[in-house]
Amino acid sequence: MKFAISSVLGAASAAILVALSVVQVAALPVSTDSPVTGLQKRAISGINNYNCKLTAAHPRPLILVHSTLLTVDSWWTFAPVFIKNGYCVFGLTYGIYSLPGVGGLASVEHSAQELATFADNVLAKMNVTQVDIVGHSQGGILARYWMKYLDGAGKVYRHIGISPVTRGTTLDSLTTLTKAWGIFSPLAAFFNLFAPSFTEMVSGSTFMTKLNAGGDTAPGVIFSNIATKYDEVVTPYTTCFQNDTGVTNVVLQDLCSLSLNEHCKTSNQKFPILYLVDLYHTL
């Protein structure tokens, strides 16, 4: 099964590279209101509703941060569950860079600034001082950068990473092999033309070193992470976890040994969603 998934992802990556090669490279300015096309196909009823009423049970807005190559609509199964349970749910598409409608391609620092701008807007309009964050993959590190290096300190109450690229990835040892063969640098230079975030999320990159320098948590924030043993994107899967004390790190298969969810499915499958709903009710 893992071989099949990896093959599909490989074919998808090749197709993306072909598409990117014919698109002019142009970083778009930060915007919280830009329309999104392309991969955005599913409207999520009730998301980004600034008339939503916060309650004593759900006193903070919940911001969903998608993964690389996706958009806010990737939360089409996740968001409605929380909206139905009374949460005020918000989400953005960040990191559009070289391919219209495809998020998460711009530099991670740029995307973190987009999240910061969006979150500050939510805070102001909802008249609160803190938000909760749920981020998938790359979306699981943007708020950490916002809190650590931008103006996000004290603005996040709870942060949950779903297969987050917390400590970088080897892409199933692909980056390790290309470095050993001496071809990583030219490949990285090529990818940086179209998707700077790709190389920034490699284990040991300058960005990942900066992100985790001095500790991988922020004061006063409740951190939790859920990872899957079958992750073929963030590898090894244990790099999803934060090492600082006080963090709840969970392996999906320890909760349900029959779960075969891999990286992309951890954000939209029933069992991970139900676990996160339960986590919200118990923390």
# chains A, B, ... in the order shown; residues from 1 in each chain; ligands from 1

call {"tool": "residues_around", "arguments": {"residues": "A:Gly140", "least_positions_apart": "4", "cutoff": "9 Å", "atoms": "only C-alpha atoms", "output": "MDAnalysis selection string"}}
result
chainID A and resid 65:67 133:136 144 159:166 225

call {"tool": "write_last_selection", "arguments": {"atoms": "N, CA and C atoms", "output": "PDB file, in the first residue's frame"}}
result
ATOM      1  N   VAL A  65      -5.287  25.685   9.152  1.00  0.00           N
ATOM      2  CA  VAL A  65      -4.187  26.038   8.256  1.00  0.00           C
ATOM      3  C   VAL A  65      -3.814  24.801   7.444  1.00  0.00           C
ATOM      4  N   HIS A  66      -4.055  24.851   6.146  1.00  0.00           N
ATOM      5  CA  HIS A  66      -3.912  23.686   5.268  1.00  0.00           C
ATOM      6  C   HIS A  66      -2.454  23.307   5.001  1.00  0.00           C
ATOM      7  N   SER A  67      -2.256  22.245   4.244  1.00  0.00           N
ATOM      8  CA  SER A  67      -0.915  21.754   3.932  1.00  0.00           C
ATOM      9  C   SER A  67      -0.431  22.285   2.588  1.00  0.00           C
ATOM     10  N   ILE A 133      -5.348  27.091  16.918  1.00  0.00           N
ATOM     11  CA  ILE A 133      -4.839  26.747  15.587  1.00  0.00           C
ATOM     12  C   ILE A 133      -4.833  25.245  15.412  1.00  0.00           C
ATOM     13  N   VAL A 134      -5.344  24.775  14.275  1.00  0.00           N
ATOM     14  CA  VAL A 134      -5.139  23.392  13.839  1.00  0.00           C
ATOM     15  C   VAL A 134      -4.475  23.460  12.476  1.00  0.00           C
ATOM     16  N   GLY A 135      -3.281  22.889  12.365  1.00  0.00           N
ATOM     17  CA  GLY A 135      -2.538  22.958  11.119  1.00  0.00           C
ATOM     18  C   GLY A 135      -2.124  21.590  10.625  1.00  0.00           C
ATOM     19  N   HIS A 136      -2.243  21.383   9.322  1.00  0.00           N
ATOM     20  CA  HIS A 136      -1.868  20.124   8.689  1.00  0.00           C
ATOM     21  C   HIS A 136      -0.567  20.300   7.920  1.00  0.00           C
ATOM     22  N   ARG A 144       3.741  28.498  14.609  1.00  0.00           N
ATOM     23  CA  ARG A 144       4.923  28.466  15.479  1.00  0.00           C
ATOM     24  C   ARG A 144       5.897  29.559  15.079  1.00  0.00           C
ATOM     25  N   HIS A 159      -2.550  24.870  20.140  1.00  0.00           N
ATOM     26  CA  HIS A 159      -2.016  24.595  18.803  1.00  0.00           C
ATOM     27  C   HIS A 159      -1.958  23.087  18.594  1.00  0.00           C
ATOM     28  N   ILE A 160      -2.662  22.607  17.563  1.00  0.00           N
ATOM     29  CA  ILE A 160      -2.686  21.180  17.254  1.00  0.00           C
ATOM     30  C   ILE A 160      -2.113  20.956  15.862  1.00  0.00           C
ATOM     31  N   GLY A 161      -1.105  20.099  15.763  1.00  0.00           N
ATOM     32  CA  GLY A 161      -0.511  19.759  14.478  1.00  0.00           C
ATOM     33  C   GLY A 161      -0.997  18.402  14.004  1.00  0.00           C
ATOM     34  N   ILE A 162      -1.467  18.336  12.774  1.00  0.00           N
ATOM     35  CA  ILE A 162      -1.859  17.072  12.153  1.00  0.00           C
ATOM     36  C   ILE A 162      -0.776  16.713  11.148  1.00  0.00           C
ATOM     37  N   SER A 163      -0.014  15.677  11.435  1.00  0.00           N
ATOM     38  CA  SER A 163       1.146  15.305  10.611  1.00  0.00           C
ATOM     39  C   SER A 163       1.990  16.542  10.280  1.00  0.00           C
ATOM     40  N   PRO A 164       2.330  17.333  11.284  1.00  0.00           N
ATOM     41  CA  PRO A 164       3.069  18.570  11.019  1.00  0.00           C
ATOM     42  C   PRO A 164       4.526  18.292  10.671  1.00  0.00           C
ATOM     43  N   VAL A 165       5.102  19.147   9.850  1.00  0.00           N
ATOM     44  CA  VAL A 165       6.506  18.978   9.467  1.00  0.00           C
ATOM     45  C   VAL A 165       7.389  19.682  10.506  1.00  0.00           C
ATOM     46  N   THR A 166       7.226  19.282  11.745  1.00  0.00           N
ATOM     47  CA  THR A 166       7.816  19.953  12.901  1.00  0.00           C
ATOM     48  C   THR A 166       9.327  20.071  12.825  1.00  0.00           C
ATOM     49  N   ASN A 225       0.140  17.078  18.983  1.00  0.00           N
ATOM     50  CA  ASN A 225       0.427  16.623  17.617  1.00  0.00           C
ATOM     51  C   ASN A 225      -0.083  15.207  17.430  1.00  0.00           C
TER      52      ASN A 225
END

call {"tool": "residues_around", "arguments": {"residues": "stretch 229-232 of chain A", "least_positions_apart": "2", "cutoff": "7 Å", "atoms": "only C-alpha atoms", "output": "count of residues only"}}
result
12

call {"tool": "residues_around", "arguments": {"residues": "A:Asp216", "least_positions_apart": "5", "cutoff": "8 Å", "atoms": "only C-alpha atoms", "output": "VMD selection string"}}
result
chain A and resid 211 242 to 244

call {"tool": "closest_residue", "arguments": {"among": "A:His110, A:Lys179, A:Arg42, A:Arg60", "to": "A:Arg158", "atoms": "only C-alpha atoms"}}
result
A:Arg60

call {"tool": "select_by_dssp", "arguments": {"residues": "stretch 9-220 of chain A", "states": "strand (DSSP E)", "output": "PyMOL selection string"}}
result
chain A and resi 62-65+89-92+131-136+156-162

call {"tool": "atom_distance", "arguments": {"atom1": "atom CA of A:Val156", "atom2": "atom CA of A:Gln130"}}
result
5.1 Å

call {"tool": "atom_distance", "arguments": {"atom1": "atom CA of A:Pro236", "atom2": "atom CA of A:Leu64"}}
result
24.2 Å

call {"tool": "residues_around", "arguments": {"residues": "A:Ile63", "least_positions_apart": "4", "cutoff": "10 Å", "atoms": "only C-alpha atoms", "output": "mmCIF file with N, CA and C atoms, in the first residue's frame"}}
result
data_model
loop_
_atom_site.group_PDB
_atom_site.id
_atom_site.type_symbol
_atom_site.label_atom_id
_atom_site.label_comp_id
_atom_site.auth_asym_id
_atom_site.auth_seq_id
_atom_site.Cartn_x
_atom_site.Cartn_y
_atom_site.Cartn_z
ATOM 1 N N ILE A 47 -17.858 28.579 7.325
ATOM 2 C CA ILE A 47 -16.485 28.977 7.635
ATOM 3 C C ILE A 47 -16.312 30.478 7.374
ATOM 4 N N ASN A 48 -15.420 31.106 8.125
ATOM 5 C CA ASN A 48 -15.140 32.545 7.993
ATOM 6 C C ASN A 48 -16.399 33.391 8.175
ATOM 7 N N ALA A 79 -13.824 20.868 8.797
ATOM 8 C CA ALA A 79 -14.447 22.095 9.289
ATOM 9 C C ALA A 79 -15.920 21.933 9.651
ATOM 10 N N CYS A 88 -16.554 28.592 16.157
ATOM 11 C CA CYS A 88 -16.419 29.606 15.112
ATOM 12 C C CYS A 88 -15.129 29.298 14.358
ATOM 13 N N VAL A 89 -15.276 28.798 13.133
ATOM 14 C CA VAL A 89 -14.154 28.251 12.385
ATOM 15 C C VAL A 89 -13.752 29.186 11.247
ATOM 16 N N PHE A 90 -12.453 29.385 11.135
ATOM 17 C CA PHE A 90 -11.911 30.262 10.108
ATOM 18 C C PHE A 90 -10.773 29.546 9.375
ATOM 19 N N GLY A 91 -10.499 29.991 8.180
ATOM 20 C CA GLY A 91 -9.412 29.382 7.420
ATOM 21 C C GLY A 91 -9.012 30.259 6.256
ATOM 22 N N LEU A 92 -7.770 30.110 5.826
ATOM 23 C CA LEU A 92 -7.245 30.899 4.714
ATOM 24 C C LEU A 92 -6.514 29.982 3.742
ATOM 25 N N LEU A 115 -0.465 34.191 7.442
ATOM 26 C CA LEU A 115 -1.262 33.687 8.561
ATOM 27 C C LEU A 115 -1.371 34.748 9.645
ATOM 28 N N PHE A 118 -3.915 37.316 8.621
ATOM 29 C CA PHE A 118 -5.254 36.743 8.685
ATOM 30 C C PHE A 118 -5.713 36.601 10.139
ATOM 31 N N ALA A 119 -4.848 36.052 10.985
ATOM 32 C CA ALA A 119 -5.204 35.826 12.388
ATOM 33 C C ALA A 119 -5.467 37.135 13.119
ATOM 34 N N VAL A 122 -8.883 38.206 12.275
ATOM 35 C CA VAL A 122 -9.880 37.422 13.018
ATOM 36 C C VAL A 122 -9.966 37.905 14.463
ATOM 37 N N VAL A 131 -6.521 32.929 19.668
ATOM 38 C CA VAL A 131 -7.170 31.966 18.788
ATOM 39 C C VAL A 131 -6.618 30.584 19.069
ATOM 40 N N ASP A 132 -7.293 29.575 18.552
ATOM 41 C CA ASP A 132 -6.768 28.219 18.520
ATOM 42 C C ASP A 132 -6.374 27.910 17.081
ATOM 43 N N ILE A 133 -5.348 27.091 16.918
ATOM 44 C CA ILE A 133 -4.839 26.747 15.587
ATOM 45 C C ILE A 133 -4.833 25.245 15.412
ATOM 46 N N VAL A 134 -5.344 24.775 14.275
ATOM 47 C CA VAL A 134 -5.139 23.392 13.839
ATOM 48 C C VAL A 134 -4.475 23.460 12.476
ATOM 49 N N GLY A 135 -3.281 22.889 12.365
ATOM 50 C CA GLY A 135 -2.538 22.958 11.119
ATOM 51 C C GLY A 135 -2.124 21.590 10.625
ATOM 52 N N HIS A 159 -2.550 24.870 20.140
ATOM 53 C CA HIS A 159 -2.016 24.595 18.803
ATOM 54 C C HIS A 159 -1.958 23.087 18.594
#

call {"tool": "select_by_dssp", "arguments": {"residues": "stretch 180-267 of chain A", "states": "helix (DSSP H, G or I)", "output": "PDB file with N, CA, C and O atoms, in the first residue's frame"}}
result
ATOM      1  N   ALA A 180      23.774  12.749  -0.816  1.00  0.00           N
ATOM      2  CA  ALA A 180      24.907  11.818  -0.933  1.00  0.00           C
ATOM      3  C   ALA A 180      25.420  11.759  -2.361  1.00  0.00           C
ATOM      4  O   ALA A 180      26.624  11.578  -2.593  1.00  0.00           O
ATOM      5  N   PHE A 184      21.662  17.383  -4.696  1.00  0.00           N
ATOM      6  CA  PHE A 184      20.605  18.077  -3.966  1.00  0.00           C
ATOM      7  C   PHE A 184      20.613  19.570  -4.257  1.00  0.00           C
ATOM      8  O   PHE A 184      19.560  20.175  -4.489  1.00  0.00           O
ATOM      9  N   SER A 185      21.780  20.200  -4.248  1.00  0.00           N
ATOM     10  CA  SER A 185      21.862  21.656  -4.424  1.00  0.00           C
ATOM     11  C   SER A 185      21.297  22.123  -5.757  1.00  0.00           C
ATOM     12  O   SER A 185      20.494  23.070  -5.797  1.00  0.00           O
ATOM     13  N   PRO A 186      21.682  21.503  -6.887  1.00  0.00           N
ATOM     14  CA  PRO A 186      21.067  21.944  -8.147  1.00  0.00           C
ATOM     15  C   PRO A 186      19.569  21.682  -8.209  1.00  0.00           C
ATOM     16  O   PRO A 186      18.820  22.484  -8.772  1.00  0.00           O
ATOM     17  N   LEU A 187      19.124  20.586  -7.616  1.00  0.00           N
ATOM     18  CA  LEU A 187      17.688  20.319  -7.579  1.00  0.00           C
ATOM     19  C   LEU A 187      16.976  21.357  -6.719  1.00  0.00           C
ATOM     20  O   LEU A 187      15.885  21.836  -7.070  1.00  0.00           O
ATOM     21  N   ALA A 188      17.588  21.708  -5.596  1.00  0.00           N
ATOM     22  CA  ALA A 188      17.000  22.703  -4.707  1.00  0.00           C
ATOM     23  C   ALA A 188      16.890  24.052  -5.404  1.00  0.00           C
ATOM     24  O   ALA A 188      15.878  24.758  -5.272  1.00  0.00           O
ATOM     25  N   ALA A 189      17.928  24.415  -6.153  1.00  0.00           N
ATOM     26  CA  ALA A 189      17.900  25.685  -6.884  1.00  0.00           C
ATOM     27  C   ALA A 189      16.757  25.711  -7.887  1.00  0.00           C
ATOM     28  O   ALA A 189      16.085  26.739  -8.072  1.00  0.00           O
ATOM     29  N   PHE A 190      16.505  24.577  -8.525  1.00  0.00           N
ATOM     30  CA  PHE A 190      15.396  24.479  -9.481  1.00  0.00           C
ATOM     31  C   PHE A 190      14.056  24.615  -8.769  1.00  0.00           C
ATOM     32  O   PHE A 190      13.194  25.399  -9.174  1.00  0.00           O
ATOM     33  N   PHE A 191      13.875  23.872  -7.688  1.00  0.00           N
ATOM     34  CA  PHE A 191      12.613  23.919  -6.952  1.00  0.00           C
ATOM     35  C   PHE A 191      12.352  25.308  -6.379  1.00  0.00           C
ATOM     36  O   PHE A 191      11.198  25.743  -6.288  1.00  0.00           O
ATOM     37  N   ASN A 192      13.414  26.004  -5.997  1.00  0.00           N
ATOM     38  CA  ASN A 192      13.238  27.325  -5.401  1.00  0.00           C
ATOM     39  C   ASN A 192      12.646  28.339  -6.372  1.00  0.00           C
ATOM     40  O   ASN A 192      12.093  29.359  -5.963  1.00  0.00           O
ATOM     41  N   LEU A 193      12.748  28.060  -7.663  1.00  0.00           N
ATOM     42  CA  LEU A 193      12.140  28.927  -8.662  1.00  0.00           C
ATOM     43  C   LEU A 193      10.621  28.874  -8.601  1.00  0.00           C
ATOM     44  O   LEU A 193       9.939  29.841  -8.910  1.00  0.00           O
ATOM     45  N   PHE A 194      10.104  27.717  -8.219  1.00  0.00           N
ATOM     46  CA  PHE A 194       8.666  27.493  -8.284  1.00  0.00           C
ATOM     47  C   PHE A 194       8.007  27.287  -6.919  1.00  0.00           C
ATOM     48  O   PHE A 194       6.845  27.627  -6.736  1.00  0.00           O
ATOM     49  N   PRO A 196       9.609  27.613  -3.159  1.00  0.00           N
ATOM     50  CA  PRO A 196      10.658  27.739  -2.137  1.00  0.00           C
ATOM     51  C   PRO A 196      10.379  26.950  -0.868  1.00  0.00           C
ATOM     52  O   PRO A 196      11.308  26.515  -0.180  1.00  0.00           O
ATOM     53  N   SER A 197       9.109  26.758  -0.553  1.00  0.00           N
ATOM     54  CA  SER A 197       8.777  26.059   0.691  1.00  0.00           C
ATOM     55  C   SER A 197       9.276  24.626   0.692  1.00  0.00           C
ATOM     56  O   SER A 197       9.570  24.061   1.754  1.00  0.00           O
ATOM     57  N   PHE A 198       9.373  23.996  -0.486  1.00  0.00           N
ATOM     58  CA  PHE A 198       9.772  22.589  -0.553  1.00  0.00           C
ATOM     59  C   PHE A 198      11.116  22.363   0.128  1.00  0.00           C
ATOM     60  O   PHE A 198      11.250  21.500   0.997  1.00  0.00           O
ATOM     61  N   THR A 199      12.129  23.124  -0.270  1.00  0.00           N
ATOM     62  CA  THR A 199      13.477  22.900   0.275  1.00  0.00           C
ATOM     63  C   THR A 199      13.602  23.432   1.697  1.00  0.00           C
ATOM     64  O   THR A 199      14.419  22.948   2.471  1.00  0.00           O
ATOM     65  N   GLU A 200      12.794  24.438   2.041  1.00  0.00           N
ATOM     66  CA  GLU A 200      12.847  24.968   3.407  1.00  0.00           C
ATOM     67  C   GLU A 200      12.373  23.944   4.424  1.00  0.00           C
ATOM     68  O   GLU A 200      12.765  24.006   5.594  1.00  0.00           O
ATOM     69  N   THR A 206      18.163  25.592   6.640  1.00  0.00           N
ATOM     70  CA  THR A 206      18.353  26.812   7.423  1.00  0.00           C
ATOM     71  C   THR A 206      17.063  27.225   8.109  1.00  0.00           C
ATOM     72  O   THR A 206      17.061  27.636   9.283  1.00  0.00           O
ATOM     73  N   PHE A 207      15.952  27.088   7.397  1.00  0.00           N
ATOM     74  CA  PHE A 207      14.674  27.481   7.982  1.00  0.00           C
ATOM     75  C   PHE A 207      14.306  26.591   9.162  1.00  0.00           C
ATOM     76  O   PHE A 207      13.898  27.089  10.220  1.00  0.00           O
ATOM     77  N   MET A 208      14.419  25.258   8.998  1.00  0.00           N
ATOM     78  CA  MET A 208      14.033  24.358  10.075  1.00  0.00           C
ATOM     79  C   MET A 208      14.925  24.544  11.292  1.00  0.00           C
ATOM     80  O   MET A 208      14.471  24.453  12.432  1.00  0.00           O
ATOM     81  N   THR A 209      16.201  24.820  11.059  1.00  0.00           N
ATOM     82  CA  THR A 209      17.125  25.076  12.163  1.00  0.00           C
ATOM     83  C   THR A 209      16.701  26.320  12.933  1.00  0.00           C
ATOM     84  O   THR A 209      16.687  26.340  14.171  1.00  0.00           O
ATOM     85  N   LYS A 210      16.329  27.365  12.198  1.00  0.00           N
ATOM     86  CA  LYS A 210      15.881  28.609  12.824  1.00  0.00           C
ATOM     87  C   LYS A 210      14.580  28.394  13.587  1.00  0.00           C
ATOM     88  O   LYS A 210      14.429  28.873  14.722  1.00  0.00           O
ATOM     89  N   LEU A 211      13.642  27.658  12.986  1.00  0.00           N
ATOM     90  CA  LEU A 211      12.336  27.451  13.610  1.00  0.00           C
ATOM     91  C   LEU A 211      12.464  26.767  14.962  1.00  0.00           C
ATOM     92  O   LEU A 211      11.765  27.125  15.915  1.00  0.00           O
ATOM     93  N   ASN A 212      13.351  25.793  15.062  1.00  0.00           N
ATOM     94  CA  ASN A 212      13.444  24.987  16.284  1.00  0.00           C
ATOM     95  C   ASN A 212      14.562  25.426  17.232  1.00  0.00           C
ATOM     96  O   ASN A 212      14.760  24.803  18.277  1.00  0.00           O
ATOM     97  N   TYR A 237       8.214   9.548  10.544  1.00  0.00           N
ATOM     98  CA  TYR A 237       6.989  10.155  11.074  1.00  0.00           C
ATOM     99  C   TYR A 237       7.188  10.758  12.460  1.00  0.00           C
ATOM    100  O   TYR A 237       6.457  11.669  12.864  1.00  0.00           O
ATOM    101  N   THR A 238       8.192  10.277  13.182  1.00  0.00           N
ATOM    102  CA  THR A 238       8.445  10.803  14.527  1.00  0.00           C
ATOM    103  C   THR A 238       8.913  12.255  14.505  1.00  0.00           C
ATOM    104  O   THR A 238       8.887  12.930  15.541  1.00  0.00           O
ATOM    105  N   THR A 239       9.328  12.756  13.326  1.00  0.00           N
ATOM    106  CA  THR A 239       9.741  14.162  13.243  1.00  0.00           C
ATOM    107  C   THR A 239       8.537  15.101  13.302  1.00  0.00           C
ATOM    108  O   THR A 239       8.705  16.318  13.338  1.00  0.00           O
ATOM    109  N   CYS A 240       7.334  14.530  13.312  1.00  0.00           N
ATOM    110  CA  CYS A 240       6.134  15.358  13.516  1.00  0.00           C
ATOM    111  C   CYS A 240       6.054  15.876  14.950  1.00  0.00           C
ATOM    112  O   CYS A 240       5.376  16.876  15.216  1.00  0.00           O
ATOM    113  N   LEU A 252      -1.365   7.874  15.562  1.00  0.00           N
ATOM    114  CA  LEU A 252      -2.731   7.490  15.215  1.00  0.00           C
ATOM    115  C   LEU A 252      -2.976   5.999  15.420  1.00  0.00           C
ATOM    116  O   LEU A 252      -4.018   5.584  15.930  1.00  0.00           O
ATOM    117  N   GLN A 253      -1.996   5.167  15.050  1.00  0.00           N
ATOM    118  CA  GLN A 253      -2.173   3.721  15.149  1.00  0.00           C
ATOM    119  C   GLN A 253      -2.169   3.217  16.589  1.00  0.00           C
ATOM    120  O   GLN A 253      -2.599   2.090  16.841  1.00  0.00           O
ATOM    121  N   ASP A 254      -1.681   4.029  17.524  1.00  0.00           N
ATOM    122  CA  ASP A 254      -1.789   3.663  18.937  1.00  0.00           C
ATOM    123  C   ASP A 254      -3.224   3.845  19.436  1.00  0.00           C
ATOM    124  O   ASP A 254      -3.624   3.228  20.422  1.00  0.00           O
ATOM    125  N   LEU A 255      -3.976   4.677  18.744  1.00  0.00           N
ATOM    126  CA  LEU A 255      -5.379   4.884  19.086  1.00  0.00           C
ATOM    127  C   LEU A 255      -6.277   3.892  18.362  1.00  0.00           C
ATOM    128  O   LEU A 255      -7.297   3.463  18.885  1.00  0.00           O
ATOM    129  N   CYS A 264      -1.787  12.539   3.658  1.00  0.00           N
ATOM    130  CA  CYS A 264      -2.843  13.399   3.134  1.00  0.00           C
ATOM    131  C   CYS A 264      -4.191  13.141   3.790  1.00  0.00           C
ATOM    132  O   CYS A 264      -5.034  14.034   3.858  1.00  0.00           O
ATOM    133  N   LYS A 265      -4.400  11.919   4.265  1.00  0.00           N
ATOM    134  CA  LYS A 265      -5.717  11.563   4.789  1.00  0.00           C
ATOM    135  C   LYS A 265      -5.898  11.872   6.269  1.00  0.00           C
ATOM    136  O   LYS A 265      -7.015  11.783   6.774  1.00  0.00           O
ATOM    137  N   THR A 266      -4.830  12.247   6.950  1.00  0.00           N
ATOM    138  CA  THR A 266      -4.969  12.475   8.385  1.00  0.00           C
ATOM    139  C   THR A 266      -5.829  13.693   8.707  1.00  0.00           C
ATOM    140  O   THR A 266      -6.326  13.826   9.825  1.00  0.00           O
ATOM    141  N   SER A 267      -6.020  14.585   7.739  1.00  0.00           N
ATOM    142  CA  SER A 267      -6.803  15.789   8.019  1.00  0.00           C
ATOM    143  C   SER A 267      -8.263  15.676   7.597  1.00  0.00           C
ATOM    144  O   SER A 267      -9.051  16.580   7.882  1.00  0.00           O
TER     145      SER A 267
END

call {"tool": "residues_around", "arguments": {"residues": "A:Val81", "least_positions_apart": "4", "cutoff": "12 Å", "atoms": "only C-alpha atoms", "output": "list of chain:residue names"}}
result
A:Ile44, A:Ser45, A:Gly46, A:Ile47, A:Trp75, A:Trp76, A:Thr77, A:Asn85, A:Gly86, A:Tyr87, A:Cys88, A:Val89, A:Asn268, A:Gln269, A:Lys270, A:Pro272, A:Ile273, A:Leu274, A:Tyr275, A:Leu276, A:Val277, A:Asp278

call {"tool": "atom_distance", "arguments": {"atom1": "atom CA of A:Thr169", "atom2": "atom CA of A:Val202"}}
result
4.9 Å

call {"tool": "closest_residue", "arguments": {"among": "A:Ser107, A:Asn249, A:Thr170, A:Thr176", "to": "A:Leu142", "atoms": "only C-alpha atoms"}}
result
A:Ser107

call {"tool": "closest_residue", "arguments": {"among": "A:Cys52, A:Gly204, A:Lys125, A:Glu114", "to": "A:Lys84", "atoms": "only C-alpha atoms"}}
result
A:Cys52

call {"tool": "residues_around", "arguments": {"residues": "stretch 111-113 of chain A", "least_positions_apart": "3", "cutoff": "7 Å", "atoms": "only C-alpha atoms", "output": "list in words"}}
result
Tyr94, Gly95, Ala106, Ser107, Val108, Ala116, Thr117, Leu142, Ala143, Tyr145 and Trp146 of chain A
